[in-house]
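> Contents of coords_37.pdb (PDB, C-alpha atoms) are below:
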ATOM      1  CA  MET A 235       0.000   0.000   0.000
ATOM      2  CA  GLU A 236       1.494   3.373  -0.870
ATOM      3  CA  ALA A 237       2.235   5.880   1.852
ATOM      4  CA  GLU A 238      -0.357   8.426   0.699
ATOM      5  CA  ALA A 239      -3.216   5.902   0.876
ATOM      6  CA  ALA A 240      -2.059   4.672   4.294
ATOM      7  CA  LYS A 241      -1.947   8.254   5.590
ATOM      8  CA  LEU A 242      -5.518   8.921   4.506
ATOM      9  CA  ILE A 243      -6.817   5.671   6.020
ATOM     10  CA  GLY A 244      -4.904   6.350   9.249
ATOM     11  CA  ALA A 245      -6.331   9.851   9.514
ATOM     12  CA  GLY A 246      -9.835   8.482   9.015
ATOM     13  CA  ILE A 247      -9.354   5.870  11.745
ATOM     14  CA  ALA A 248      -7.951   8.498  14.130
ATOM     15  CA  VAL A 249     -11.180  10.494  14.189
ATOM     16  CA  ILE A 250     -13.251   7.505  15.392
ATOM     17  CA  ALA A 251     -12.188   8.736  18.851
ATOM     18  CA  LEU A 252     -14.660  11.601  18.470
ATOM     19  CA  ALA A 253     -17.490   9.123  19.231
ATOM     20  CA  GLY A 254     -16.295   8.854  22.834
ATOM     21  CA  VAL A 255     -15.964  12.621  23.079
ATOM     22  CA  GLY A 256     -19.537  13.098  21.865
ATOM     23  CA  VAL A 257     -20.800  10.711  24.550
ATOM     24  CA  GLY A 258     -18.723  12.516  27.173
ATOM     25  CA  ILE A 259     -19.981  15.995  26.322
ATOM     26  CA  GLY A 260     -23.564  14.704  26.253
ATOM     27  CA  ASN A 261     -23.005  13.222  29.711
ATOM     28  CA  ILE A 262     -21.721  16.492  31.135
ATOM     29  CA  PHE A 263     -24.613  18.573  29.898
ATOM     30  CA  ALA A 264     -27.159  15.904  30.900
ATOM     31  CA  ALA A 265     -25.783  16.074  34.450
ATOM     32  CA  LEU A 266     -25.806  19.883  34.286
ATOM     33  CA  ILE A 267     -29.445  20.046  33.184
ATOM     34  CA  ASN A 268     -30.415  17.434  35.771
ATOM     35  CA  SER A 269     -28.775  19.283  38.633
ATOM     36  CA  ILE A 270     -30.243  22.653  37.622
ATOM     37  CA  ALA A 271     -33.683  21.036  37.301
ATOM     38  CA  ARG A 272     -33.450  19.563  40.786
ATOM     39  CA  ASN A 273     -32.038  22.701  42.410
ATOM     40  CA  PRO A 274     -32.354  25.869  40.323
ATOM     41  CA  ALA A 275     -30.477  27.864  42.961
ATOM     42  CA  ALA A 276     -27.275  25.887  42.280
ATOM     43  CA  ARG A 277     -27.102  27.221  38.741
ATOM     44  CA  GLY A 278     -24.300  29.724  39.341
ATOM     45  CA  GLU A 279     -21.883  27.224  40.908
ATOM     46  CA  VAL A 280     -22.670  24.220  38.755
ATOM     47  CA  PHE A 281     -22.541  26.149  35.468
ATOM     48  CA  GLY A 282     -18.876  27.114  35.864
ATOM     49  CA  ILE A 283     -17.794  23.555  36.595
ATOM     50  CA  GLY A 284     -19.940  22.298  33.699
ATOM     51  CA  ILE A 285     -18.274  24.650  31.235
ATOM     52  CA  LEU A 286     -14.833  23.659  32.555
ATOM     53  CA  GLY A 287     -15.698  19.978  32.080
ATOM     54  CA  PHE A 288     -16.949  20.673  28.562
ATOM     55  CA  ALA A 289     -13.729  22.441  27.594
ATOM     56  CA  LEU A 290     -11.554  19.673  29.022
ATOM     57  CA  THR A 291     -13.539  17.006  27.153
ATOM     58  CA  GLU A 292     -13.403  18.998  23.927
ATOM     59  CA  ALA A 293      -9.619  19.083  24.317
ATOM     60  CA  ILE A 294      -9.627  15.293  23.867
ATOM     61  CA  ALA A 295     -11.494  15.742  20.586
ATOM     62  CA  LEU A 296      -8.827  18.184  19.480
ATOM     63  CA  PHE A 297      -6.048  15.762  20.450
ATOM     64  CA  ALA A 298      -7.619  13.252  18.033
ATOM     65  CA  LEU A 299      -7.808  15.980  15.394
ATOM     66  CA  VAL A 300      -4.133  16.841  15.950
ATOM     67  CA  VAL A 301      -3.162  13.168  15.487
ATOM     68  CA  ALA A 302      -5.110  13.081  12.216
ATOM     69  CA  LEU A 303      -3.445  16.301  11.015
ATOM     70  CA  LEU A 304      -0.022  14.962  12.063
ATOM     71  CA  LEU A 305      -0.608  11.828  10.004
ATOM     72  CA  LEU A 306      -1.781  13.773   6.979
ATOM     73  CA  PHE A 307       0.668  16.653   6.825
ATOM     74  CA  VAL A 308       3.780  15.782   8.805
ATOM     75  CA  PHE A 309       4.553  12.150   7.981
TER      76      PHE A 309
ATOM     77  CA  MET B 256      -8.525  30.537  -4.539
ATOM     78  CA  HIS B 257      -6.979  30.902  -1.108
ATOM     79  CA  SER B 258      -6.537  27.680   0.832
ATOM     80  CA  PRO B 259      -8.015  27.536   4.367
ATOM     81  CA  VAL B 260      -4.576  27.251   5.972
ATOM     82  CA  GLU B 261      -3.131  30.313   4.283
ATOM     83  CA  GLN B 262      -4.344  32.462   7.192
ATOM     84  CA  PHE B 263      -1.721  30.886   9.468
ATOM     85  CA  THR B 264       1.341  31.907   7.438
ATOM     86  CA  ILE B 265       3.798  34.269   9.104
ATOM     87  CA  LYS B 266       4.495  37.341   6.985
ATOM     88  CA  THR B 267       7.553  39.483   7.730
ATOM     89  CA  LEU B 268       6.637  43.160   7.985
ATOM     90  CA  PHE B 269      10.042  44.657   8.868
ATOM     91  CA  ALA B 270      13.134  42.472   8.492
ATOM     92  CA  LEU B 271      15.497  42.829  11.460
ATOM     93  CA  ASN B 272      18.688  40.933  12.162
ATOM     94  CA  LEU B 273      20.563  40.684  15.459
ATOM     95  CA  LEU B 274      23.876  38.794  15.448
ATOM     96  CA  GLY B 275      22.630  36.400  12.811
ATOM     97  CA  PHE B 276      19.287  35.766  14.573
ATOM     98  CA  ASP B 277      16.195  36.646  12.586
ATOM     99  CA  ILE B 278      14.131  38.867  14.899
ATOM    100  CA  SER B 279      11.985  40.437  12.173
ATOM    101  CA  PHE B 280       8.780  42.182  13.093
ATOM    102  CA  THR B 281       6.166  39.797  11.720
ATOM    103  CA  ASN B 282       2.381  39.877  11.613
ATOM    104  CA  SER B 283       2.506  37.642  14.701
ATOM    105  CA  SER B 284       4.501  40.319  16.577
ATOM    106  CA  LEU B 285       2.105  42.991  15.349
ATOM    107  CA  PHE B 286      -0.923  41.204  16.747
ATOM    108  CA  MET B 287       0.766  40.436  20.060
ATOM    109  CA  LEU B 288       1.624  44.141  20.314
ATOM    110  CA  LEU B 289      -1.950  45.020  19.394
ATOM    111  CA  ALA B 290      -3.328  42.700  22.086
ATOM    112  CA  VAL B 291      -1.103  44.255  24.749
ATOM    113  CA  VAL B 292      -1.768  47.849  23.638
ATOM    114  CA  LEU B 293      -5.544  47.393  23.331
ATOM    115  CA  SER B 294      -5.911  45.675  26.688
ATOM    116  CA  THR B 295      -3.731  48.265  28.454
ATOM    117  CA  LEU B 296      -5.644  51.139  26.826
ATOM    118  CA  PHE B 297      -8.987  49.585  27.745
ATOM    119  CA  LEU B 298      -8.092  49.037  31.400
ATOM    120  CA  VAL B 299      -6.347  52.399  31.880
ATOM    121  CA  LEU B 300      -9.049  54.458  30.169
ATOM    122  CA  ALA B 301     -11.898  52.576  31.820
ATOM    123  CA  MET B 302     -10.485  53.172  35.309
ATOM    124  CA  ARG B 303      -9.756  56.869  34.596
ATOM    125  CA  PRO B 304     -12.985  58.173  36.300
ATOM    126  CA  ALA B 305     -12.181  56.094  39.424
ATOM    127  CA  ALA B 306     -15.717  56.569  40.733
ATOM    128  CA  LEU B 307     -16.874  54.725  43.832
ATOM    129  CA  VAL B 308     -20.067  53.771  42.042
ATOM    130  CA  PRO B 309     -18.781  52.688  38.618
ATOM    131  CA  GLY B 310     -20.295  53.756  35.310
ATOM    132  CA  ARG B 311     -20.628  51.277  32.446
ATOM    133  CA  LEU B 312     -17.052  51.227  31.161
ATOM    134  CA  GLN B 313     -15.499  51.223  34.616
ATOM    135  CA  GLY B 314     -17.983  48.517  35.593
ATOM    136  CA  ALA B 315     -16.824  46.353  32.687
ATOM    137  CA  ALA B 316     -13.160  46.655  33.695
ATOM    138  CA  GLU B 317     -14.010  45.980  37.339
ATOM    139  CA  MET B 318     -16.047  42.905  36.328
ATOM    140  CA  MET B 319     -13.028  41.549  34.446
ATOM    141  CA  TYR B 320     -10.819  42.111  37.498
ATOM    142  CA  GLU B 321     -13.400  40.576  39.831
ATOM    143  CA  PHE B 322     -13.794  37.529  37.580
ATOM    144  CA  VAL B 323     -10.090  36.647  37.662
ATOM    145  CA  ALA B 324      -9.718  37.627  41.335
ATOM    146  CA  ASP B 325     -12.577  35.280  42.269
ATOM    147  CA  MET B 326     -10.980  32.530  40.201
ATOM    148  CA  VAL B 327      -7.639  32.910  41.977
ATOM    149  CA  ARG B 328      -9.242  33.183  45.424
ATOM    150  CA  ALA B 329     -11.475  30.129  44.881
ATOM    151  CA  ASN B 330      -8.819  27.898  43.340
ATOM    152  CA  VAL B 331      -5.572  28.911  45.024
ATOM    153  CA  GLY B 332      -6.743  30.491  48.266
ATOM    154  CA  SER B 333      -5.221  33.484  50.008
ATOM    155  CA  GLU B 334      -1.675  32.249  49.281
ATOM    156  CA  GLY B 335      -2.259  32.849  45.601
ATOM    157  CA  ARG B 336      -2.509  36.618  46.005
ATOM    158  CA  PRO B 337       1.105  37.352  44.908
ATOM    159  CA  TYR B 338       0.477  35.465  41.666
ATOM    160  CA  PHE B 339      -2.705  37.330  40.777
ATOM    161  CA  PRO B 340      -1.046  39.950  38.479
ATOM    162  CA  PHE B 341       0.501  37.161  36.412
ATOM    163  CA  VAL B 342      -2.758  35.193  36.152
ATOM    164  CA  PHE B 343      -4.693  38.351  35.216
ATOM    165  CA  THR B 344      -2.151  39.261  32.520
ATOM    166  CA  LEU B 345      -2.306  35.706  31.178
ATOM    167  CA  PHE B 346      -6.113  35.759  31.004
ATOM    168  CA  VAL B 347      -6.316  39.173  29.339
ATOM    169  CA  PHE B 348      -3.523  38.413  26.833
ATOM    170  CA  ILE B 349      -5.046  35.098  25.721
ATOM    171  CA  LEU B 350      -8.560  36.588  25.589
ATOM    172  CA  PHE B 351      -7.526  39.559  23.451
ATOM    173  CA  SER B 352      -5.284  37.410  21.199
ATOM    174  CA  ASN B 353      -8.112  34.954  20.566
ATOM    175  CA  MET B 354     -10.676  37.681  19.949
ATOM    176  CA  LEU B 355      -8.452  39.719  17.599
ATOM    177  CA  GLY B 356      -8.127  36.654  15.379
ATOM    178  CA  LEU B 357     -11.842  36.767  14.626
ATOM    179  CA  ILE B 358     -11.547  40.036  12.725
ATOM    180  CA  PRO B 359     -11.542  39.243   8.973
ATOM    181  CA  TYR B 360      -8.099  39.435   7.331
ATOM    182  CA  SER B 361      -6.368  39.342  10.728
ATOM    183  CA  TYR B 362      -4.029  36.802  12.315
ATOM    184  CA  THR B 363      -4.445  34.769  15.522
ATOM    185  CA  THR B 364      -1.247  34.674  17.573
ATOM    186  CA  THR B 365      -2.422  31.723  19.691
ATOM    187  CA  SER B 366      -2.999  29.572  16.602
ATOM    188  CA  GLN B 367       0.712  28.759  16.485
ATOM    189  CA  ILE B 368       1.793  25.830  18.673
ATOM    190  CA  VAL B 369       5.077  27.580  19.449
ATOM    191  CA  VAL B 370       3.273  30.522  21.098
ATOM    192  CA  THR B 371       0.932  28.392  23.218
ATOM    193  CA  PHE B 372       3.705  25.941  24.068
ATOM    194  CA  VAL B 373       5.935  28.729  25.378
ATOM    195  CA  LEU B 374       3.073  30.031  27.541
ATOM    196  CA  ALA B 375       2.371  26.536  28.892
ATOM    197  CA  ALA B 376       6.066  25.705  29.392
ATOM    198  CA  VAL B 377       6.688  28.938  31.310
ATOM    199  CA  ILE B 378       3.722  28.178  33.575
ATOM    200  CA  PHE B 379       4.809  24.552  34.078
ATOM    201  CA  ILE B 380       8.424  25.409  34.912
ATOM    202  CA  GLY B 381       7.361  28.347  37.075
ATOM    203  CA  VAL B 382       4.830  26.309  39.038
ATOM    204  CA  THR B 383       7.293  23.437  39.568
ATOM    205  CA  LEU B 384       9.956  25.871  40.768
ATOM    206  CA  ILE B 385       7.467  27.525  43.133
ATOM    207  CA  GLY B 386       6.620  24.111  44.569
ATOM    208  CA  LEU B 387      10.261  23.114  44.919
ATOM    209  CA  ILE B 388      11.273  26.385  46.557
ATOM    210  CA  LYS B 389       8.343  26.335  48.956
ATOM    211  CA  HIS B 390       8.470  22.684  50.008
ATOM    212  CA  GLY B 391      12.001  21.617  49.129
ATOM    213  CA  LEU B 392      12.353  17.899  48.553
ATOM    214  CA  HIS B 393       8.983  17.287  50.245
ATOM    215  CA  PHE B 394       7.489  18.477  46.932
ATOM    216  CA  PHE B 395       8.015  14.976  45.550
ATOM    217  CA  SER B 396       5.462  13.612  48.011
ATOM    218  CA  PHE B 397       2.924  15.184  45.635
ATOM    219  CA  PHE B 398       3.417  12.208  43.318
ATOM    220  CA  VAL B 399       2.357   9.685  45.969
ATOM    221  CA  PRO B 400      -1.446   9.744  46.144
ATOM    222  CA  SER B 401      -2.693   9.569  49.717
ATOM    223  CA  GLY B 402      -4.428   6.405  50.868
ATOM    224  CA  ALA B 403      -2.907   4.132  48.230
ATOM    225  CA  PRO B 404      -2.061   0.488  49.134
ATOM    226  CA  LYS B 405       1.688   0.140  49.721
ATOM    227  CA  ALA B 406       2.229  -2.483  47.022
ATOM    228  CA  LEU B 407       0.840  -0.276  44.242
ATOM    229  CA  ILE B 408       2.856   2.853  45.132
ATOM    230  CA  PRO B 409       5.763   2.413  42.637
ATOM    231  CA  PHE B 410       3.295   1.848  39.812
ATOM    232  CA  LEU B 411       1.138   4.844  40.831
ATOM    233  CA  VAL B 412       4.144   7.143  41.159
ATOM    234  CA  VAL B 413       5.156   6.404  37.557
ATOM    235  CA  ILE B 414       1.628   7.171  36.343
ATOM    236  CA  GLU B 415       1.469  10.376  38.409
ATOM    237  CA  VAL B 416       4.827  11.595  37.097
ATOM    238  CA  ILE B 417       3.824  10.916  33.501
ATOM    239  CA  SER B 418       0.502  12.709  33.931
ATOM    240  CA  TYR B 419       2.340  15.642  35.565
ATOM    241  CA  PHE B 420       4.614  16.019  32.550
ATOM    242  CA  VAL B 421       1.667  15.795  30.143
ATOM    243  CA  ARG B 422       0.258  19.011  31.713
ATOM    244  CA  PRO B 423       2.145  21.578  29.582
ATOM    245  CA  VAL B 424       1.481  19.488  26.456
ATOM    246  CA  SER B 425      -2.272  19.271  27.058
ATOM    247  CA  LEU B 426      -2.493  22.916  28.120
ATOM    248  CA  SER B 427      -0.788  24.167  24.963
ATOM    249  CA  VAL B 428      -2.387  21.743  22.504
ATOM    250  CA  ARG B 429      -5.893  22.486  23.838
ATOM    251  CA  LEU B 430      -5.592  26.221  23.094
ATOM    252  CA  PHE B 431      -3.698  25.750  19.815
ATOM    253  CA  ALA B 432      -6.017  23.079  18.380
ATOM    254  CA  ASN B 433      -9.166  25.019  19.342
ATOM    255  CA  MET B 434      -7.944  28.143  17.565
ATOM    256  CA  LEU B 435      -6.629  26.189  14.535
ATOM    257  CA  ALA B 436      -9.753  24.084  14.067
ATOM    258  CA  GLY B 437     -12.188  26.957  14.590
ATOM    259  CA  HIS B 438     -10.561  29.373  12.196
ATOM    260  CA  THR B 439      -9.946  26.663   9.553
ATOM    261  CA  MET B 440     -13.620  25.714   9.697
ATOM    262  CA  LEU B 441     -14.619  29.370   9.217
ATOM    263  CA  LYS B 442     -12.390  29.649   6.133
ATOM    264  CA  VAL B 443     -13.688  26.372   4.648
ATOM    265  CA  PHE B 444     -17.304  27.551   4.944
ATOM    266  CA  ALA B 445     -16.352  30.946   3.523
ATOM    267  CA  GLY B 446     -14.728  29.266   0.520
ATOM    268  CA  LEU B 447     -17.863  27.185   0.073
ATOM    269  CA  ALA B 448     -20.055  30.301   0.095
ATOM    270  CA  VAL B 449     -17.837  32.009  -2.513
ATOM    271  CA  MET B 450     -17.833  28.898  -4.716
ATOM    272  CA  LEU B 451     -21.624  28.559  -4.601
ATOM    273  CA  THR B 452     -22.139  32.237  -5.422
ATOM    274  CA  GLY B 453     -19.744  31.965  -8.373
ATOM    275  CA  ALA B 454     -21.603  28.933  -9.805
ATOM    276  CA  GLY B 455     -24.566  31.173 -10.643
ATOM    277  CA  GLY B 456     -28.246  30.329 -11.082
ATOM    278  CA  ILE B 457     -29.889  28.106  -8.491
ATOM    279  CA  PHE B 458     -26.579  27.664  -6.678
ATOM    280  CA  ALA B 459     -26.211  31.373  -6.008
ATOM    281  CA  VAL B 460     -29.473  31.288  -4.038
ATOM    282  CA  GLY B 461     -28.239  28.279  -2.088
ATOM    283  CA  SER B 462     -25.128  30.195  -1.043
ATOM    284  CA  VAL B 463     -27.228  31.733   1.733
ATOM    285  CA  LEU B 464     -26.780  28.465   3.661
ATOM    286  CA  PRO B 465     -22.989  28.584   4.121
ATOM    287  CA  LEU B 466     -23.360  32.301   4.865
ATOM    288  CA  ALA B 467     -25.777  31.534   7.710
ATOM    289  CA  ALA B 468     -23.370  28.832   8.871
ATOM    290  CA  ILE B 469     -20.491  31.327   8.951
ATOM    291  CA  ILE B 470     -22.565  33.788  11.011
ATOM    292  CA  GLY B 471     -23.426  31.027  13.487
ATOM    293  CA  LEU B 472     -19.834  29.756  13.548
ATOM    294  CA  THR B 473     -18.415  33.226  14.237
ATOM    295  CA  GLY B 474     -20.688  33.477  17.257
ATOM    296  CA  LEU B 475     -19.512  30.044  18.383
ATOM    297  CA  GLU B 476     -15.881  31.042  17.821
ATOM    298  CA  MET B 477     -16.325  34.112  20.033
ATOM    299  CA  LEU B 478     -17.631  31.815  22.772
ATOM    300  CA  VAL B 479     -14.743  29.397  22.226
ATOM    301  CA  ALA B 480     -12.209  32.271  22.335
ATOM    302  CA  ALA B 481     -13.470  33.427  25.736
ATOM    303  CA  LEU B 482     -13.908  29.855  26.991
ATOM    304  CA  GLN B 483     -10.384  28.794  26.072
ATOM    305  CA  ALA B 484      -8.933  31.844  27.828
ATOM    306  CA  TYR B 485     -10.999  30.932  30.928
ATOM    307  CA  VAL B 486      -9.971  27.258  30.836
ATOM    308  CA  PHE B 487      -6.263  28.080  30.377
ATOM    309  CA  THR B 488      -6.394  30.464  33.330
ATOM    310  CA  ILE B 489      -8.356  28.193  35.651
ATOM    311  CA  LEU B 490      -6.038  25.264  34.930
ATOM    312  CA  THR B 491      -3.069  27.506  35.707
ATOM    313  CA  CYS B 492      -4.725  28.338  39.048
ATOM    314  CA  MET B 493      -5.276  24.635  39.752
ATOM    315  CA  TYR B 494      -1.650  23.738  38.967
ATOM    316  CA  LEU B 495      -0.522  26.611  41.178
ATOM    317  CA  ASN B 496      -2.778  25.259  43.935
ATOM    318  CA  ASP B 497      -1.191  21.824  43.531
ATOM    319  CA  ALA B 498       2.268  23.306  43.931
ATOM    320  CA  LEU B 499       1.426  25.539  46.893
ATOM    321  CA  HIS B 500      -0.708  23.059  48.828
ATOM    322  CA  LEU B 501       0.438  19.550  47.912
ATOM    323  CA  HIS B 502      -2.595  17.311  47.469
TER     324      HIS B 502
END
Rewrite the structure of this file - the entire thing - as C-alpha cells.

Amino acid sequence: MEAEAAKLIGAGIAVIALAGVGVGIGNIFAALINSIARNPAARGEVFGIGILGFALTEAIALFALVVALLLLFVF
Amino acid sequence: MHSPVEQFTIKTLFALNLLGFDISFTNSSLFMLLAVVLSTLFLVLAMRPAALVPGRLQGAAEMMYEFVADMVRANVGSEGRPYFPFVFTLFVFILFSNMLGLIPYSYTTTSQIVVTFVLAAVIFIGVTLIGLIKHGLHFFSFFVPSGAPKALIPFLVVIEVISYFVRPVSLSVRLFANMLAGHTMLKVFAGLAVMLTGAGGIFAVGSVLPLAAIIGLTGLEMLVAALQAYVFTILTCMYLNDALHLH
C-alpha cells in the first residue's frame, strides 16, 4: 500500500475517537441540566464547573484531530 | 482561490537581524503588540474616572478584574494573592489574542503551537519551581497519592509523574487546536459560500446556507475564544494550587 493511501486511512481511523468525546460531552450537559432542574439555585456554581468539564472534554477531541493532522501533513 | 490554511502563514513586515538571529517584526509580533496595547488602553481608560459607584465602562473593567480575582481566590486560596497579576495578565492576553483573530483578514497569535507551548512551558516550569522552593524535597510527596495500598505505590508514582509532565502538552495543545480548528472551519465555509455564489443560477441562491453557517460559527468562535482563555487560566490556578498546597 502506498504511503499516501495509508496516511488517509490512518487519519480516518484516528477520528473515530470523536465518538467517545460526543458521549462525554452529552453526559456532562445531561448532568448539568439534571442538577439545575433539581435545584435551580445551584445554577451559578454548577454552570462554571460544567463549562470547565466541557472544555476539558473537547480538548480530547482536538487531540484526536491533531493526530489526524499529524498523520496527513507531517509524515 | 486561497486555501483555508493560508491564514496561518507568518508574513515578515520589517526584516530585522541581530547577530545572525532573525528577529523580524512579523504579523505575529504585530498582533501580540496590538493585544497588549488594546488591553492596556482599555483598562487604563476605563479606570480613569475612578468613581466609587462605577459607570458602564469602569464597571466592565471591574467585572473583568473581579472575575479573575474570584478565580484565583477560589482555586488557590489566600496564598495565591502574589500570583494574581501574572494570572490576570495571562487571562487578558489570551482573551484579546483569541478575539483579535476573529476580525476578517487578521491573524491569531495563539494559533501557532510555538506561542501556546511557550506560555504553557513557562507556567509549568514556574509552578514546579514555586513548589520546589516552597516545600524543598517534600514536593516529591505530591506524586504519591494519599491512601494508596503500599504495594501499588511504585506503579502509581510512575503514572502520576507521567501525567504531571503531560500538563504543559495538554495545556498548549488544547488552546492551539481550538484556535486552529475553529478558524480553519470558518475559512472552509467561507470558501464554500464564494464557490456557490460563483456557480450562478440556483446555486447562487443556495449560497445563503454557508453564509448563515459562517454567522453562526463566528458566534460560536467568540464563545470558544473566551472559553479557552478561561480554561487556560483556571487550569493555571489549579496547577498553582497543587504546587502551593500539595494534594
> Near chain B, meaning an atom within 12 Å, which residues of chain A appear when counting only C-alpha atoms? Write them as a VMD selection string.
chain A and resid 279 282 to 304 307
> List the residues sitting within 10 Å of (-5.2, 31.8, 21.2) in the file's frame, using all atoms listed in the file, as a VMD selection string.
chain B and resid 348 to 356 363 to 368 370 to 371 427 429 to 435 479 to 481 483 to 484 487
> I'd like to see the residues matched by the PyMOL selection byres ((chain B and resi 288-305) around 10) on this file, and ideally I'd get them as a PyMOL selection string.
chain B and resi 282-287+306-317+319-320+344+347-355+364
> Which residues, written as a PDB file with C-alpha atoms, in the frame of the given file, have at least one atom at most 10 Å from Ala498 in chain B, with only C-alpha atoms counted and residues fewer than 5 positions away on the same chain left out?

ATOM      1  CA  VAL B 331      -5.572  28.911  45.024  1.00  0.00           C
ATOM      2  CA  GLY B 381       7.361  28.347  37.075  1.00  0.00           C
ATOM      3  CA  VAL B 382       4.830  26.309  39.038  1.00  0.00           C
ATOM      4  CA  THR B 383       7.293  23.437  39.568  1.00  0.00           C
ATOM      5  CA  LEU B 384       9.956  25.871  40.768  1.00  0.00           C
ATOM      6  CA  ILE B 385       7.467  27.525  43.133  1.00  0.00           C
ATOM      7  CA  GLY B 386       6.620  24.111  44.569  1.00  0.00           C
ATOM      8  CA  LEU B 387      10.261  23.114  44.919  1.00  0.00           C
ATOM      9  CA  ILE B 388      11.273  26.385  46.557  1.00  0.00           C
ATOM     10  CA  LYS B 389       8.343  26.335  48.956  1.00  0.00           C
ATOM     11  CA  HIS B 390       8.470  22.684  50.008  1.00  0.00           C
ATOM     12  CA  PHE B 394       7.489  18.477  46.932  1.00  0.00           C
ATOM     13  CA  PHE B 397       2.924  15.184  45.635  1.00  0.00           C
ATOM     14  CA  CYS B 492      -4.725  28.338  39.048  1.00  0.00           C
ATOM     15  CA  MET B 493      -5.276  24.635  39.752  1.00  0.00           C
TER      16      MET B 493
END
> Please write as a list in words the full residue list that the PyMOL selection byres ((chain A and resi 241-258) around 6) yields on this file.
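Going through the file, the PyMOL selection byres ((chain A and resi 241-258) around 6) ends up selecting Glu238, Ala239, Ala240, Ile259, Gly260, Asn261, Ala295, Ala298, Ala302, Leu305 and Leu306 of chain A.
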> Please, what distance in Å, to one decimal, runs between CA of Gly275 in chain B and CA of Gln262 in chain B?
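One can read the CA of Gly275 in chain B to CA of Gln262 in chain B distance as 27.8 Å.
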> For CA of Gly455 in chain B and CA of Met440 in chain B, quote the distance in Å rounded to one decimal.
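Pair CA of Gly455 in chain B / CA of Met440 in chain B returns 23.7 Å.
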> In Å, how far is it from CA of Val443 in chain B to CA of Thr264 in chain B?
16.3 Å
> Using the chain letters and numbers from the file, give me the residues hit by the PyMOL selection byres ((chain B and resi 342) around 8), as number ranges by chain.
B: 323, 327, 338-341, 343-346, 488, 491-492
> Mind checking which residues fall within 12 Å of Leu464 in chain B, counting all atoms listed in the file, ignoring those fewer than 5 positions away in the same chain, and posting them as an mmCIF file with C-alpha atoms, keeping the file's coordinate frame?

data_model
loop_
_atom_site.group_PDB
_atom_site.id
_atom_site.type_symbol
_atom_site.label_atom_id
_atom_site.label_comp_id
_atom_site.auth_asym_id
_atom_site.auth_seq_id
_atom_site.Cartn_x
_atom_site.Cartn_y
_atom_site.Cartn_z
ATOM 1 C CA PHE B 444 -17.304 27.551 4.944
ATOM 2 C CA ALA B 445 -16.352 30.946 3.523
ATOM 3 C CA LEU B 447 -17.863 27.185 0.073
ATOM 4 C CA ALA B 448 -20.055 30.301 0.095
ATOM 5 C CA VAL B 449 -17.837 32.009 -2.513
ATOM 6 C CA LEU B 451 -21.624 28.559 -4.601
ATOM 7 C CA THR B 452 -22.139 32.237 -5.422
ATOM 8 C CA PHE B 458 -26.579 27.664 -6.678
ATOM 9 C CA ALA B 459 -26.211 31.373 -6.008
ATOM 10 C CA ILE B 469 -20.491 31.327 8.951
ATOM 11 C CA ILE B 470 -22.565 33.788 11.011
ATOM 12 C CA GLY B 471 -23.426 31.027 13.487
#
> Listed atoms of range 381-395 of chain B, axis-aligned box, 8 Å per side: centre and edge lengths to one decimal in Å, as JSON?

{"center_x": 8.6, "center_y": 21.7, "center_z": 43.7, "size_x": 23.5, "size_y": 29.4, "size_z": 29.2}
> What would range 440-451 of chain B look like with N, CA and C atoms restored, written as a PDB file, in the coordinates of the input?

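Wrote it out as part-v3.pdb, contents follow:
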ATOM      1  N   MET B 440     -12.242  26.006  10.053  1.00  0.00           N
ATOM      2  CA  MET B 440     -13.620  25.714   9.697  1.00  0.00           C
ATOM      3  C   MET B 440     -14.308  26.945   9.115  1.00  0.00           C
ATOM      4  N   LEU B 441     -14.043  28.127   9.731  1.00  0.00           N
ATOM      5  CA  LEU B 441     -14.619  29.370   9.217  1.00  0.00           C
ATOM      6  C   LEU B 441     -14.200  29.597   7.766  1.00  0.00           C
ATOM      7  N   LYS B 442     -12.878  29.407   7.486  1.00  0.00           N
ATOM      8  CA  LYS B 442     -12.390  29.649   6.133  1.00  0.00           C
ATOM      9  C   LYS B 442     -12.961  28.650   5.136  1.00  0.00           C
ATOM     10  N   VAL B 443     -13.145  27.381   5.565  1.00  0.00           N
ATOM     11  CA  VAL B 443     -13.688  26.372   4.648  1.00  0.00           C
ATOM     12  C   VAL B 443     -15.114  26.743   4.253  1.00  0.00           C
ATOM     13  N   PHE B 444     -15.932  27.148   5.261  1.00  0.00           N
ATOM     14  CA  PHE B 444     -17.304  27.551   4.944  1.00  0.00           C
ATOM     15  C   PHE B 444     -17.337  28.805   4.084  1.00  0.00           C
ATOM     16  N   ALA B 445     -16.396  29.726   4.333  1.00  0.00           N
ATOM     17  CA  ALA B 445     -16.352  30.946   3.523  1.00  0.00           C
ATOM     18  C   ALA B 445     -16.037  30.609   2.073  1.00  0.00           C
ATOM     19  N   GLY B 446     -15.059  29.684   1.871  1.00  0.00           N
ATOM     20  CA  GLY B 446     -14.728  29.266   0.520  1.00  0.00           C
ATOM     21  C   GLY B 446     -15.913  28.619  -0.166  1.00  0.00           C
ATOM     22  N   LEU B 447     -16.668  27.840   0.618  1.00  0.00           N
ATOM     23  CA  LEU B 447     -17.863  27.185   0.073  1.00  0.00           C
ATOM     24  C   LEU B 447     -18.881  28.219  -0.378  1.00  0.00           C
ATOM     25  N   ALA B 448     -19.087  29.257   0.444  1.00  0.00           N
ATOM     26  CA  ALA B 448     -20.055  30.301   0.095  1.00  0.00           C
ATOM     27  C   ALA B 448     -19.631  31.009  -1.190  1.00  0.00           C
ATOM     28  N   VAL B 449     -18.322  31.311  -1.310  1.00  0.00           N
ATOM     29  CA  VAL B 449     -17.837  32.009  -2.513  1.00  0.00           C
ATOM     30  C   VAL B 449     -18.017  31.131  -3.743  1.00  0.00           C
ATOM     31  N   MET B 450     -17.702  29.816  -3.584  1.00  0.00           N
ATOM     32  CA  MET B 450     -17.833  28.898  -4.716  1.00  0.00           C
ATOM     33  C   MET B 450     -19.265  28.808  -5.192  1.00  0.00           C
ATOM     34  N   LEU B 451     -20.217  28.694  -4.237  1.00  0.00           N
ATOM     35  CA  LEU B 451     -21.624  28.559  -4.601  1.00  0.00           C
ATOM     36  C   LEU B 451     -22.126  29.808  -5.298  1.00  0.00           C
TER      37      LEU B 451
END
